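Down below is the structure, laid out as structure tokens.
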Amino acid sequence: ANDLLLKSSGAIGTSTNALNTNVDNITISAVDIFITENTGISVDSIDVEVNRVGIDGVSTLTTSNATQSGITSTGNLVLQTLNGTINTVATNGIITASGNVLLKAGDLSNDEMFNVILNSNVTATGNISINSDFNITQNVDIKTTGLNKTIELIATNDITTAQSKVIQTNNGNILIDATGALKIDTVNAGTADVAIYSGSTISDYDATSSIIAKD
């Protein structure tokens, strides 16, 4: 399938039995969300239309489900790929969760390079973990609003935060770990702690860039 729109007043998948997909684009609204995508996936805005057959069996009426954008979870969200990149589309790919968030781009055979590319904000009340088979490209803000909740970014190559974009918690610890180069702008853990690891270089943009971890 090209596009998949999922909306539920309950959960979609479980922690032990995720909903398996093989689609290009997705939008989801539910309580707990557990999705395992077979290849790569983009979080976007989707509108699904069908032709409704009339009682005469001939006449048709095109009907459309309401357009839905991004991913909204009122519980926990786990979106992972077995073998592909996770991409969130600008504006339409916003991810919000009332619980924890895991975004994980995998490489089943360990022979390719798949990324997490964030072009829309990621916000959670709980903890946020973003794990990439290769690069993490952060063109937006990543924030957790719950007190003492944490943010973790792990990539087997580079992590790049665009200028003026933040990684921010509400007095929760932040871990950023890149096997390759790491470029940041603002990392704000409030009164909590920050750990930054790189197998190459660590850099920022200018005097407005800042790492904040202060009682």
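Going by the structure tokens order, chains are called A, B, ..., each with residues numbered from 1, while ligands are numbered from 1 in the order shown.
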
Residues of region 8-215 of chain A in strand (DSSP E), written as number ranges by chain: A: 19-21, 25-30, 33-37, 41-43, 45-46, 49-53, 60-64, 68-69, 71-73, 77-81, 86-88, 95-97, 101-105, 116-118, 122-124, 128-132, 136-138, 142-147, 151-155, 159-161, 166-170, 174-178, 182-183, 186-188, 194-198, 202-203, 210-212

Shell around region 119-123 of chain A at 8 Å using only C-alpha atoms, local window under 6 positions removed, as a PyMOL selection string: chain A and resi 87-97+138-145

For the residues selected in the previous step, produce a file with N, CA and C atoms as a PDB file, in the first residue's frame.
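Wrote it out as result-v6.pdb, contents follow:
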ATOM      1  N   ASN A  87      11.018   8.869   8.296  1.00  0.00           N
ATOM      2  CA  ASN A  87      11.029  10.280   7.906  1.00  0.00           C
ATOM      3  C   ASN A  87       9.727  10.930   8.348  1.00  0.00           C
ATOM      4  N   THR A  88       9.820  12.088   8.982  1.00  0.00           N
ATOM      5  CA  THR A  88       8.608  12.850   9.286  1.00  0.00           C
ATOM      6  C   THR A  88       8.567  14.069   8.370  1.00  0.00           C
ATOM      7  N   VAL A  89       7.452  14.216   7.691  1.00  0.00           N
ATOM      8  CA  VAL A  89       7.297  15.283   6.703  1.00  0.00           C
ATOM      9  C   VAL A  89       7.086  16.622   7.405  1.00  0.00           C
ATOM     10  N   ALA A  90       7.650  17.671   6.853  1.00  0.00           N
ATOM     11  CA  ALA A  90       7.511  19.005   7.442  1.00  0.00           C
ATOM     12  C   ALA A  90       6.045  19.383   7.594  1.00  0.00           C
ATOM     13  N   THR A  91       5.687  19.939   8.733  1.00  0.00           N
ATOM     14  CA  THR A  91       4.342  20.412   9.089  1.00  0.00           C
ATOM     15  C   THR A  91       3.353  19.277   9.327  1.00  0.00           C
ATOM     16  N   ASN A  92       3.264  18.326   8.401  1.00  0.00           N
ATOM     17  CA  ASN A  92       2.247  17.275   8.481  1.00  0.00           C
ATOM     18  C   ASN A  92       2.700  16.030   9.239  1.00  0.00           C
ATOM     19  N   GLY A  93       3.954  16.006   9.689  1.00  0.00           N
ATOM     20  CA  GLY A  93       4.468  14.801  10.322  1.00  0.00           C
ATOM     21  C   GLY A  93       4.713  14.939  11.817  1.00  0.00           C
ATOM     22  N   ILE A  94       3.985  15.833  12.473  1.00  0.00           N
ATOM     23  CA  ILE A  94       4.175  16.075  13.904  1.00  0.00           C
ATOM     24  C   ILE A  94       3.859  14.814  14.708  1.00  0.00           C
ATOM     25  N   ILE A  95       4.727  14.515  15.678  1.00  0.00           N
ATOM     26  CA  ILE A  95       4.531  13.372  16.556  1.00  0.00           C
ATOM     27  C   ILE A  95       4.335  13.875  17.980  1.00  0.00           C
ATOM     28  N   THR A  96       3.209  13.480  18.611  1.00  0.00           N
ATOM     29  CA  THR A  96       2.942  13.839  19.998  1.00  0.00           C
ATOM     30  C   THR A  96       2.457  12.593  20.737  1.00  0.00           C
ATOM     31  N   ALA A  97       2.865  12.478  22.003  1.00  0.00           N
ATOM     32  CA  ALA A  97       2.438  11.334  22.808  1.00  0.00           C
ATOM     33  C   ALA A  97       2.299  11.759  24.259  1.00  0.00           C
ATOM     34  N   GLN A 138      18.035  16.064  12.735  1.00  0.00           N
ATOM     35  CA  GLN A 138      17.003  16.746  13.518  1.00  0.00           C
ATOM     36  C   GLN A 138      16.826  18.166  13.001  1.00  0.00           C
ATOM     37  N   ASN A 139      15.781  18.398  12.218  1.00  0.00           N
ATOM     38  CA  ASN A 139      15.496  19.723  11.667  1.00  0.00           C
ATOM     39  C   ASN A 139      14.413  20.461  12.450  1.00  0.00           C
ATOM     40  N   VAL A 140      14.034  19.923  13.607  1.00  0.00           N
ATOM     41  CA  VAL A 140      12.912  20.438  14.394  1.00  0.00           C
ATOM     42  C   VAL A 140      13.268  20.292  15.872  1.00  0.00           C
ATOM     43  N   ASP A 141      12.316  20.644  16.739  1.00  0.00           N
ATOM     44  CA  ASP A 141      12.526  20.502  18.175  1.00  0.00           C
ATOM     45  C   ASP A 141      12.136  19.105  18.656  1.00  0.00           C
ATOM     46  N   ILE A 142      12.892  18.611  19.619  1.00  0.00           N
ATOM     47  CA  ILE A 142      12.546  17.381  20.333  1.00  0.00           C
ATOM     48  C   ILE A 142      12.389  17.766  21.793  1.00  0.00           C
ATOM     49  N   LYS A 143      11.179  17.580  22.348  1.00  0.00           N
ATOM     50  CA  LYS A 143      10.913  18.024  23.716  1.00  0.00           C
ATOM     51  C   LYS A 143      10.105  16.987  24.482  1.00  0.00           C
ATOM     52  N   THR A 144      10.455  16.824  25.741  1.00  0.00           N
ATOM     53  CA  THR A 144       9.602  16.083  26.660  1.00  0.00           C
ATOM     54  C   THR A 144       9.191  17.022  27.782  1.00  0.00           C
ATOM     55  N   THR A 145       7.899  17.024  28.095  1.00  0.00           N
ATOM     56  CA  THR A 145       7.359  18.018  29.024  1.00  0.00           C
ATOM     57  C   THR A 145       7.137  17.480  30.429  1.00  0.00           C
TER      58      THR A 145
END

Name the residues in contact with region 99-102 of chain A at a cut-off of 10 Å, using only C-alpha atoms, excluding same-chain residues fewer than 2 positions from it; report them as a PDB file with N, CA and C atoms, in the first residue's frame.
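Saved file out-v4.pdb follows:
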ATOM      1  N   VAL A  31      -4.571   5.339  21.318  1.00  0.00           N
ATOM      2  CA  VAL A  31      -4.025   5.385  22.679  1.00  0.00           C
ATOM      3  C   VAL A  31      -2.593   4.856  22.585  1.00  0.00           C
ATOM      4  N   ASP A  32      -2.315   3.637  23.042  1.00  0.00           N
ATOM      5  CA  ASP A  32      -0.990   3.056  22.820  1.00  0.00           C
ATOM      6  C   ASP A  32      -0.856   2.639  21.361  1.00  0.00           C
ATOM      7  N   ILE A  33       0.342   2.883  20.810  1.00  0.00           N
ATOM      8  CA  ILE A  33       0.595   2.577  19.397  1.00  0.00           C
ATOM      9  C   ILE A  33       1.891   1.783  19.289  1.00  0.00           C
ATOM     10  N   PHE A  34       1.805   0.597  18.679  1.00  0.00           N
ATOM     11  CA  PHE A  34       2.980  -0.239  18.439  1.00  0.00           C
ATOM     12  C   PHE A  34       2.958  -0.667  16.969  1.00  0.00           C
ATOM     13  N   SER A  73      -0.639  10.022  19.997  1.00  0.00           N
ATOM     14  CA  SER A  73      -0.865   8.923  20.922  1.00  0.00           C
ATOM     15  C   SER A  73      -1.209   9.487  22.291  1.00  0.00           C
ATOM     16  N   THR A  74      -2.283   8.983  22.888  1.00  0.00           N
ATOM     17  CA  THR A  74      -2.610   9.374  24.255  1.00  0.00           C
ATOM     18  C   THR A  74      -2.013   8.388  25.255  1.00  0.00           C
ATOM     19  N   GLY A  75      -1.164   7.509  24.758  1.00  0.00           N
ATOM     20  CA  GLY A  75      -0.427   6.570  25.600  1.00  0.00           C
ATOM     21  C   GLY A  75       1.019   6.532  25.157  1.00  0.00           C
ATOM     22  N   ASN A  76       1.558   5.326  24.988  1.00  0.00           N
ATOM     23  CA  ASN A  76       2.928   5.134  24.526  1.00  0.00           C
ATOM     24  C   ASN A  76       2.961   4.890  23.021  1.00  0.00           C
ATOM     25  N   LEU A  77       4.051   5.305  22.396  1.00  0.00           N
ATOM     26  CA  LEU A  77       4.228   5.151  20.959  1.00  0.00           C
ATOM     27  C   LEU A  77       5.548   4.455  20.664  1.00  0.00           C
ATOM     28  N   VAL A  78       5.479   3.354  19.914  1.00  0.00           N
ATOM     29  CA  VAL A  78       6.671   2.681  19.406  1.00  0.00           C
ATOM     30  C   VAL A  78       6.504   2.523  17.901  1.00  0.00           C
ATOM     31  N   LEU A  79       7.337   3.205  17.147  1.00  0.00           N
ATOM     32  CA  LEU A  79       7.354   3.093  15.685  1.00  0.00           C
ATOM     33  C   LEU A  79       8.750   2.661  15.283  1.00  0.00           C
ATOM     34  N   GLN A  80       8.842   1.464  14.730  1.00  0.00           N
ATOM     35  CA  GLN A  80      10.149   0.968  14.322  1.00  0.00           C
ATOM     36  C   GLN A  80      10.083   0.379  12.926  1.00  0.00           C
ATOM     37  N   ILE A  95       4.727  14.515  15.678  1.00  0.00           N
ATOM     38  CA  ILE A  95       4.531  13.372  16.556  1.00  0.00           C
ATOM     39  C   ILE A  95       4.335  13.875  17.980  1.00  0.00           C
ATOM     40  N   THR A  96       3.209  13.480  18.611  1.00  0.00           N
ATOM     41  CA  THR A  96       2.942  13.839  19.998  1.00  0.00           C
ATOM     42  C   THR A  96       2.457  12.593  20.737  1.00  0.00           C
ATOM     43  N   ALA A  97       2.865  12.478  22.003  1.00  0.00           N
ATOM     44  CA  ALA A  97       2.438  11.334  22.808  1.00  0.00           C
ATOM     45  C   ALA A  97       2.299  11.759  24.259  1.00  0.00           C
ATOM     46  N   LYS A 104      12.654   4.006  16.002  1.00  0.00           N
ATOM     47  CA  LYS A 104      13.839   3.178  15.768  1.00  0.00           C
ATOM     48  C   LYS A 104      13.907   2.740  14.311  1.00  0.00           C
ATOM     49  N   ALA A 105      14.961   3.160  13.620  1.00  0.00           N
ATOM     50  CA  ALA A 105      15.190   2.754  12.230  1.00  0.00           C
ATOM     51  C   ALA A 105      16.189   1.614  12.227  1.00  0.00           C
ATOM     52  N   VAL A 122       8.805  16.594  17.571  1.00  0.00           N
ATOM     53  CA  VAL A 122       8.512  15.400  18.360  1.00  0.00           C
ATOM     54  C   VAL A 122       8.356  15.842  19.814  1.00  0.00           C
ATOM     55  N   THR A 123       7.168  15.614  20.389  1.00  0.00           N
ATOM     56  CA  THR A 123       6.877  16.053  21.756  1.00  0.00           C
ATOM     57  C   THR A 123       6.212  14.916  22.519  1.00  0.00           C
ATOM     58  N   ALA A 124       6.650  14.708  23.758  1.00  0.00           N
ATOM     59  CA  ALA A 124       6.045  13.672  24.594  1.00  0.00           C
ATOM     60  C   ALA A 124       5.966  14.163  26.025  1.00  0.00           C
ATOM     61  N   THR A 125       4.984  13.639  26.757  1.00  0.00           N
ATOM     62  CA  THR A 125       4.929  13.872  28.198  1.00  0.00           C
ATOM     63  C   THR A 125       5.883  12.925  28.909  1.00  0.00           C
ATOM     64  N   GLY A 126       6.122  11.764  28.305  1.00  0.00           N
ATOM     65  CA  GLY A 126       7.016  10.774  28.871  1.00  0.00           C
ATOM     66  C   GLY A 126       8.423  10.879  28.312  1.00  0.00           C
ATOM     67  N   ASN A 127       9.135   9.764  28.320  1.00  0.00           N
ATOM     68  CA  ASN A 127      10.510   9.708  27.827  1.00  0.00           C
ATOM     69  C   ASN A 127      10.538   9.559  26.303  1.00  0.00           C
ATOM     70  N   ILE A 128      11.620  10.034  25.691  1.00  0.00           N
ATOM     71  CA  ILE A 128      11.795   9.922  24.241  1.00  0.00           C
ATOM     72  C   ILE A 128      13.117   9.226  23.956  1.00  0.00           C
ATOM     73  N   SER A 129      13.049   8.171  23.131  1.00  0.00           N
ATOM     74  CA  SER A 129      14.251   7.500  22.627  1.00  0.00           C
ATOM     75  C   SER A 129      14.195   7.482  21.107  1.00  0.00           C
ATOM     76  N   ILE A 130      15.284   7.895  20.483  1.00  0.00           N
ATOM     77  CA  ILE A 130      15.386   7.860  19.022  1.00  0.00           C
ATOM     78  C   ILE A 130      16.670   7.119  18.683  1.00  0.00           C
ATOM     79  N   ASN A 131      16.511   6.029  17.945  1.00  0.00           N
ATOM     80  CA  ASN A 131      17.631   5.130  17.677  1.00  0.00           C
ATOM     81  C   ASN A 131      17.717   4.887  16.169  1.00  0.00           C
ATOM     82  N   THR A 144      10.455  16.824  25.741  1.00  0.00           N
ATOM     83  CA  THR A 144       9.602  16.083  26.660  1.00  0.00           C
ATOM     84  C   THR A 144       9.191  17.022  27.782  1.00  0.00           C
ATOM     85  N   GLY A 146       7.114  16.168  30.602  1.00  0.00           N
ATOM     86  CA  GLY A 146       6.904  15.591  31.925  1.00  0.00           C
ATOM     87  C   GLY A 146       8.114  15.801  32.830  1.00  0.00           C
ATOM     88  N   LYS A 149      11.455  13.494  32.973  1.00  0.00           N
ATOM     89  CA  LYS A 149      11.485  12.544  31.867  1.00  0.00           C
ATOM     90  C   LYS A 149      12.711  12.819  30.993  1.00  0.00           C
ATOM     91  N   THR A 150      13.202  11.788  30.329  1.00  0.00           N
ATOM     92  CA  THR A 150      14.500  11.873  29.667  1.00  0.00           C
ATOM     93  C   THR A 150      14.390  11.827  28.145  1.00  0.00           C
ATOM     94  N   ILE A 151      15.492  12.217  27.487  1.00  0.00           N
ATOM     95  CA  ILE A 151      15.622  12.108  26.034  1.00  0.00           C
ATOM     96  C   ILE A 151      16.933  11.389  25.724  1.00  0.00           C
ATOM     97  N   GLU A 152      16.851  10.445  24.789  1.00  0.00           N
ATOM     98  CA  GLU A 152      18.020   9.670  24.373  1.00  0.00           C
ATOM     99  C   GLU A 152      18.067   9.629  22.855  1.00  0.00           C
TER     100      GLU A 152
END

Contacts of Ile212 (chain A) within 10 Å, only C-alpha atoms, excl. fewer than 6 positions in-chain, as a ChimeraX atom specification: /A:168,186-194

Would you write out those residues with C-alpha atoms, as a PDB file, in the first residue's frame?
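For reference, selection_20.pdb as written:
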ATOM      1  CA  GLN A 168      14.813  19.904  25.760  1.00  0.00           C
ATOM      2  CA  THR A 186      20.701  23.963  22.152  1.00  0.00           C
ATOM      3  CA  VAL A 187      20.564  21.061  24.585  1.00  0.00           C
ATOM      4  CA  ASN A 188      18.538  22.021  27.657  1.00  0.00           C
ATOM      5  CA  ALA A 189      18.140  19.580  30.547  1.00  0.00           C
ATOM      6  CA  GLY A 190      17.196  22.264  33.065  1.00  0.00           C
ATOM      7  CA  THR A 191      18.574  21.162  36.448  1.00  0.00           C
ATOM      8  CA  ALA A 192      19.283  17.602  35.264  1.00  0.00           C
ATOM      9  CA  ASP A 193      22.349  16.066  33.598  1.00  0.00           C
ATOM     10  CA  VAL A 194      23.602  15.848  30.013  1.00  0.00           C
TER      11      VAL A 194
END

Sorted by chain and rising residue number, which residues of region 6-36 of chain A lie within 12 Å of region 48-53 of chain A, and what are their closest atom pairs and distances in Å to one decimal, counting only C-alpha atoms, as CSV?
residue,atom,partner,partner_atom,distance
A:Leu6,CA,A:Val48,CA,10.7
A:Asn25,CA,A:Val48,CA,12.0
A:Ile26,CA,A:Val48,CA,11.4
A:Thr27,CA,A:Val48,CA,11.2

For N, CA and C atoms, I'd like the residues from the last selection saved as a tab-separated table (two decimals), in the first residue's frame.
chain	number	residue	atom	x	y	z
A	6	LEU	N	-4.58	5.21	10.19
A	6	LEU	CA	-5.07	4.40	11.30
A	6	LEU	C	-5.64	5.32	12.38
A	25	ASN	N	3.59	5.66	3.46
A	25	ASN	CA	3.24	6.81	4.30
A	25	ASN	C	2.22	6.39	5.35
A	26	ILE	N	2.29	7.05	6.52
A	26	ILE	CA	1.39	6.65	7.60
A	26	ILE	C	0.96	7.85	8.43
A	27	THR	N	-0.25	7.79	8.96
A	27	THR	CA	-0.73	8.71	9.99
A	27	THR	C	-1.54	7.89	10.97
